[in-house]
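Worksheet: the structure to be examined is printed underneath.
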Amino acid sequence: MDWKATLRAYAEGKGLDWIDDPLGFGIEFADGCDVFWILPGEPMSTVRLDEGAPIDTGQLLAEFERIDRWRGQAIHVLKHMLHDAGAKFAINRAGTVHCHMQFCGMEYEVGPSLTPLAREATSLHDLVLAARWHEGFLQNPSPEQLEAYLAAESPNPLPIQEYYDVEDEDAECSNISFALCWLGLCKALQNPERLTSAESIAEAIEPTGRIGQALKRLAERLPEAEAHIDLLQPGTLQVDFKDGFASFPIDTRSKGLARRIK
């Protein structure tokens with residue numbers, strides 16, 4: 001039996017999807033958000049394999065199971081972190097975790113970006129820390145919390161379409177104009193001593209400069225477009241594409257962007 005046939009039999013026995021590619025072979029991780037690629041001589045291979053070198057399927061499958069276990073535990077922990085924060089969330093097949101909390105939308109990546117972190121992981125705590133999920137509104141769990149999370153049943157994410165329906169309920173509050181107000185408020189809070197009245201707050205959050213004025217015009221042209229601020233990238237506005245699978249980032253502090261706006 002050749003090495004691809006061995007891997008295919010393993011995947012089918014575990015009920016996992018597999019991909020037979022001219023460059024090699026791939027087995028989808030159990031979470032469904034990325035693929036373990038065996039691509040001899042290719043830099044995109046999940047594990048390094050020299051072209052023409054003997055392939056030890058037992059060693060490869062052991063490595064797959066190790067990375068798969070780390071990925072599964074990390075995603076399990078992220079679900080608990082979101083649940084504890086009171087966020088509604090869903091996971092798409094591209095490995096993007098969409099979450100919604102108090103009219104703020106955020107995204108966390110658990111697809112291909114998580115796999116190399118899981119490959120190098122030596123502990124779950126270090127893996128969750130390396131994923132940097134705590135740099136938004138989430139709190140980094142302690143080792144004791146991680147143990148409690150692992151012992152608890154996983155919170156179920158919403159089906160992706162149901163999640164979009166939840167966001168639609170707040171559509172009037174999650175457009176570009178609303179996100180601009182959030183950006184302005186975050187900036188204004190850097191100098192709270194100036195916020196002495198309702199008028200001063202309104203003035204402080206009003207978009208200014210070339211980019212601010214351009215975004216006001218964009219909000220007028222796209223009143224139905226959903227948008228949110230990116231807490232991991234201060235000053236960045238994310239405008240969602242209609243398909244809901246990704247968003248367009250706008251760095252409001254970009255000097256290059258300001259020069260391009262007339």
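In the structure tokens, each chain is lettered A, B, ... as it comes, each chain's residues begin at 1, and ligands are numbered from 1 in order of appearance.
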
All residues 10 Å or closer to Ile205 (chain A), only C-alpha atoms, same chain fewer than 6 positions away omitted, as a ChimeraX atom specification: /A:180-189

If you keep N, CA and C atoms, can you produce a file of those selected residues as a short mmCIF file (atom, residue, chain, number, x, y, z; two decimals), in the first residue's frame?
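New file result-v8.cif:
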data_model
loop_
_atom_site.label_atom_id
_atom_site.label_comp_id
_atom_site.auth_asym_id
_atom_site.auth_seq_id
_atom_site.Cartn_x
_atom_site.Cartn_y
_atom_site.Cartn_z
N LEU A 180 -17.89 54.74 13.03
CA LEU A 180 -17.11 55.99 13.11
C LEU A 180 -17.28 56.64 14.48
N CYS A 181 -18.49 56.59 15.01
CA CYS A 181 -18.72 57.14 16.35
C CYS A 181 -17.89 56.40 17.40
N TRP A 182 -17.83 55.08 17.27
CA TRP A 182 -17.02 54.30 18.20
C TRP A 182 -15.54 54.67 18.08
N LEU A 183 -15.05 54.82 16.84
CA LEU A 183 -13.66 55.21 16.66
C LEU A 183 -13.39 56.57 17.30
N GLY A 184 -14.31 57.52 17.07
CA GLY A 184 -14.15 58.84 17.65
C GLY A 184 -14.17 58.81 19.16
N LEU A 185 -15.05 57.98 19.73
CA LEU A 185 -15.14 57.89 21.18
C LEU A 185 -13.87 57.29 21.77
N CYS A 186 -13.34 56.24 21.13
CA CYS A 186 -12.09 55.63 21.61
C CYS A 186 -10.96 56.65 21.62
N LYS A 187 -10.90 57.47 20.57
CA LYS A 187 -9.86 58.50 20.49
C LYS A 187 -10.09 59.58 21.54
N ALA A 188 -11.36 59.98 21.73
CA ALA A 188 -11.67 61.04 22.69
C ALA A 188 -11.35 60.62 24.12
N LEU A 189 -11.51 59.34 24.42
CA LEU A 189 -11.26 58.86 25.78
C LEU A 189 -9.78 58.88 26.15
#

From a backbone DSSP assignment, name each residue in region 7-55 of chain A labelled alpha helix (DSSP H), as a PyMOL selection string. chain A and resi 7-14

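Using only C-alpha atoms, the shortest contact distance between Ser154 (chain A) and any of A:Thr196, A:Ser247, A:Gln73, A:Ser45 is found at A:Gln73.
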
Near Arg210 (chain A), counting only C-alpha atoms, which residues have an atom at most 7 Å away, once you skip same-chain residues fewer than 3 positions from it, shown as a ChimeraX atom specification? /A:213-214,258,261

List as an MDAnalysis selection string the protein and nucleic acid residues near Ile75 (chain A), meaning an atom at most 12 Å away when only C-alpha atoms are counted, but skip any in the same chain fewer than 6 places from it. chainID A and resid 29:33 68:69 81:82 90:91 95:97 108:111 114:115 118 124 127:128 131 133 146 149:150 154:157

Find the residues near region 48-56 of chain A: any atom within 10 Å, counting only C-alpha atoms, skip ones fewer than 2 places away on the same chain, and give them as a PyMOL selection string. chain A and resi 2-4+37-46+58-61

Selection above as a file: N, CA and C atoms, as a PDB file, in the first residue's frame:
ATOM      1  N   ASP A   2       0.656   2.195  -0.940  1.00  0.00           N
ATOM      2  CA  ASP A   2       1.471   3.403  -0.982  1.00  0.00           C
ATOM      3  C   ASP A   2       1.051   4.347   0.141  1.00  0.00           C
ATOM      4  N   TRP A   3       1.879   5.370   0.373  1.00  0.00           N
ATOM      5  CA  TRP A   3       1.657   6.225   1.539  1.00  0.00           C
ATOM      6  C   TRP A   3       0.352   7.002   1.450  1.00  0.00           C
ATOM      7  N   LYS A   4      -0.056   7.408   0.242  1.00  0.00           N
ATOM      8  CA  LYS A   4      -1.327   8.119   0.099  1.00  0.00           C
ATOM      9  C   LYS A   4      -2.500   7.210   0.455  1.00  0.00           C
ATOM     10  N   TRP A  37      -1.422  19.331   5.645  1.00  0.00           N
ATOM     11  CA  TRP A  37      -0.889  19.066   4.306  1.00  0.00           C
ATOM     12  C   TRP A  37       0.423  18.300   4.379  1.00  0.00           C
ATOM     13  N   ILE A  38       0.520  17.240   3.581  1.00  0.00           N
ATOM     14  CA  ILE A  38       1.768  16.506   3.394  1.00  0.00           C
ATOM     15  C   ILE A  38       2.192  16.752   1.955  1.00  0.00           C
ATOM     16  N   LEU A  39       3.133  17.683   1.770  1.00  0.00           N
ATOM     17  CA  LEU A  39       3.545  18.118   0.436  1.00  0.00           C
ATOM     18  C   LEU A  39       5.069  18.035   0.347  1.00  0.00           C
ATOM     19  N   PRO A  40       5.620  16.904  -0.042  1.00  0.00           N
ATOM     20  CA  PRO A  40       7.075  16.749  -0.096  1.00  0.00           C
ATOM     21  C   PRO A  40       7.749  17.823  -0.951  1.00  0.00           C
ATOM     22  N   GLY A  41       8.749  18.477  -0.370  1.00  0.00           N
ATOM     23  CA  GLY A  41       9.511  19.490  -1.090  1.00  0.00           C
ATOM     24  C   GLY A  41       8.834  20.831  -1.210  1.00  0.00           C
ATOM     25  N   GLU A  42       7.622  20.983  -0.657  1.00  0.00           N
ATOM     26  CA  GLU A  42       6.876  22.234  -0.778  1.00  0.00           C
ATOM     27  C   GLU A  42       6.887  23.003   0.546  1.00  0.00           C
ATOM     28  N   PRO A  43       7.129  24.333   0.489  1.00  0.00           N
ATOM     29  CA  PRO A  43       7.159  25.129   1.726  1.00  0.00           C
ATOM     30  C   PRO A  43       5.805  25.217   2.423  1.00  0.00           C
ATOM     31  N   MET A  44       4.708  24.967   1.698  1.00  0.00           N
ATOM     32  CA  MET A  44       3.381  25.058   2.297  1.00  0.00           C
ATOM     33  C   MET A  44       2.986  23.782   3.039  1.00  0.00           C
ATOM     34  N   SER A  45       3.853  22.785   3.034  1.00  0.00           N
ATOM     35  CA  SER A  45       3.565  21.556   3.762  1.00  0.00           C
ATOM     36  C   SER A  45       3.482  21.846   5.255  1.00  0.00           C
ATOM     37  N   THR A  46       2.507  21.254   5.932  1.00  0.00           N
ATOM     38  CA  THR A  46       2.361  21.474   7.376  1.00  0.00           C
ATOM     39  C   THR A  46       3.584  20.980   8.123  1.00  0.00           C
ATOM     40  N   GLY A  58       3.392   6.478   9.797  1.00  0.00           N
ATOM     41  CA  GLY A  58       3.118   6.409  11.233  1.00  0.00           C
ATOM     42  C   GLY A  58       3.525   7.681  11.941  1.00  0.00           C
ATOM     43  N   GLN A  59       4.702   8.204  11.591  1.00  0.00           N
ATOM     44  CA  GLN A  59       5.182   9.447  12.195  1.00  0.00           C
ATOM     45  C   GLN A  59       4.307  10.620  11.773  1.00  0.00           C
ATOM     46  N   LEU A  60       3.912  10.650  10.500  1.00  0.00           N
ATOM     47  CA  LEU A  60       3.056  11.735  10.013  1.00  0.00           C
ATOM     48  C   LEU A  60       1.705  11.738  10.721  1.00  0.00           C
ATOM     49  N   LEU A  61       1.115  10.575  10.894  1.00  0.00           N
ATOM     50  CA  LEU A  61      -0.193  10.500  11.539  1.00  0.00           C
ATOM     51  C   LEU A  61      -0.102  10.850  13.021  1.00  0.00           C
TER      52      LEU A  61
END

Give me the residues within 12 Å of Ala246 (chain A) as a VMD selection string, counting only C-alpha atoms and dropping any in the same chain fewer than 3 places off. chain A and resid 92 94 to 98 106 to 109 226 to 227 238 to 243 249

Store the residues picked out above in a file with N, CA and C atoms, as a PDB file, in the first residue's frame.
ATOM      1  N   ASN A  92     -17.131  29.893  10.573  1.00  0.00           N
ATOM      2  CA  ASN A  92     -17.338  29.459   9.195  1.00  0.00           C
ATOM      3  C   ASN A  92     -16.250  28.478   8.767  1.00  0.00           C
ATOM      4  N   ALA A  94     -13.988  28.724   6.667  1.00  0.00           N
ATOM      5  CA  ALA A  94     -12.680  29.324   6.409  1.00  0.00           C
ATOM      6  C   ALA A  94     -11.866  29.467   7.689  1.00  0.00           C
ATOM      7  N   GLY A  95     -12.461  29.125   8.839  1.00  0.00           N
ATOM      8  CA  GLY A  95     -11.738  29.228  10.095  1.00  0.00           C
ATOM      9  C   GLY A  95     -11.822  30.588  10.733  1.00  0.00           C
ATOM     10  N   THR A  96     -12.850  31.356  10.384  1.00  0.00           N
ATOM     11  CA  THR A  96     -13.048  32.664  10.995  1.00  0.00           C
ATOM     12  C   THR A  96     -14.159  32.565  12.033  1.00  0.00           C
ATOM     13  N   VAL A  97     -13.846  32.978  13.257  1.00  0.00           N
ATOM     14  CA  VAL A  97     -14.846  33.021  14.318  1.00  0.00           C
ATOM     15  C   VAL A  97     -15.435  34.423  14.337  1.00  0.00           C
ATOM     16  N   HIS A  98     -16.694  34.550  13.960  1.00  0.00           N
ATOM     17  CA  HIS A  98     -17.389  35.831  14.009  1.00  0.00           C
ATOM     18  C   HIS A  98     -18.051  35.945  15.372  1.00  0.00           C
ATOM     19  N   MET A 106     -16.287  41.410  16.109  1.00  0.00           N
ATOM     20  CA  MET A 106     -14.878  41.069  16.014  1.00  0.00           C
ATOM     21  C   MET A 106     -14.741  39.727  15.325  1.00  0.00           C
ATOM     22  N   GLU A 107     -13.537  39.450  14.870  1.00  0.00           N
ATOM     23  CA  GLU A 107     -13.251  38.176  14.233  1.00  0.00           C
ATOM     24  C   GLU A 107     -11.974  37.595  14.826  1.00  0.00           C
ATOM     25  N   TYR A 108     -11.966  36.290  15.004  1.00  0.00           N
ATOM     26  CA  TYR A 108     -10.786  35.574  15.471  1.00  0.00           C
ATOM     27  C   TYR A 108     -10.492  34.464  14.470  1.00  0.00           C
ATOM     28  N   GLU A 109      -9.219  34.265  14.171  1.00  0.00           N
ATOM     29  CA  GLU A 109      -8.837  33.274  13.171  1.00  0.00           C
ATOM     30  C   GLU A 109      -8.449  31.955  13.843  1.00  0.00           C
ATOM     31  N   GLU A 226     -22.518  46.935   6.733  1.00  0.00           N
ATOM     32  CA  GLU A 226     -22.192  46.695   8.133  1.00  0.00           C
ATOM     33  C   GLU A 226     -20.706  46.950   8.359  1.00  0.00           C
ATOM     34  N   ALA A 227     -20.405  47.510   9.516  1.00  0.00           N
ATOM     35  CA  ALA A 227     -19.016  47.848   9.827  1.00  0.00           C
ATOM     36  C   ALA A 227     -18.794  47.736  11.324  1.00  0.00           C
ATOM     37  N   GLN A 238     -13.439  48.158  10.027  1.00  0.00           N
ATOM     38  CA  GLN A 238     -13.662  46.995   9.176  1.00  0.00           C
ATOM     39  C   GLN A 238     -15.052  47.093   8.558  1.00  0.00           C
ATOM     40  N   VAL A 239     -15.116  47.155   7.228  1.00  0.00           N
ATOM     41  CA  VAL A 239     -16.394  47.203   6.514  1.00  0.00           C
ATOM     42  C   VAL A 239     -16.650  45.815   5.934  1.00  0.00           C
ATOM     43  N   ASP A 240     -17.744  45.186   6.348  1.00  0.00           N
ATOM     44  CA  ASP A 240     -18.022  43.806   5.954  1.00  0.00           C
ATOM     45  C   ASP A 240     -18.449  43.708   4.495  1.00  0.00           C
ATOM     46  N   PHE A 241     -17.928  42.687   3.801  1.00  0.00           N
ATOM     47  CA  PHE A 241     -18.422  42.372   2.473  1.00  0.00           C
ATOM     48  C   PHE A 241     -19.812  41.740   2.589  1.00  0.00           C
ATOM     49  N   LYS A 242     -20.581  41.821   1.517  1.00  0.00           N
ATOM     50  CA  LYS A 242     -21.964  41.339   1.565  1.00  0.00           C
ATOM     51  C   LYS A 242     -22.065  39.848   1.867  1.00  0.00           C
ATOM     52  N   ASP A 243     -21.061  39.055   1.418  1.00  0.00           N
ATOM     53  CA  ASP A 243     -21.173  37.613   1.642  1.00  0.00           C
ATOM     54  C   ASP A 243     -20.926  37.226   3.092  1.00  0.00           C
ATOM     55  N   PRO A 249     -10.499  46.253   5.552  1.00  0.00           N
ATOM     56  CA  PRO A 249      -9.946  47.103   6.609  1.00  0.00           C
ATOM     57  C   PRO A 249      -9.573  48.494   6.100  1.00  0.00           C
TER      58      PRO A 249
END
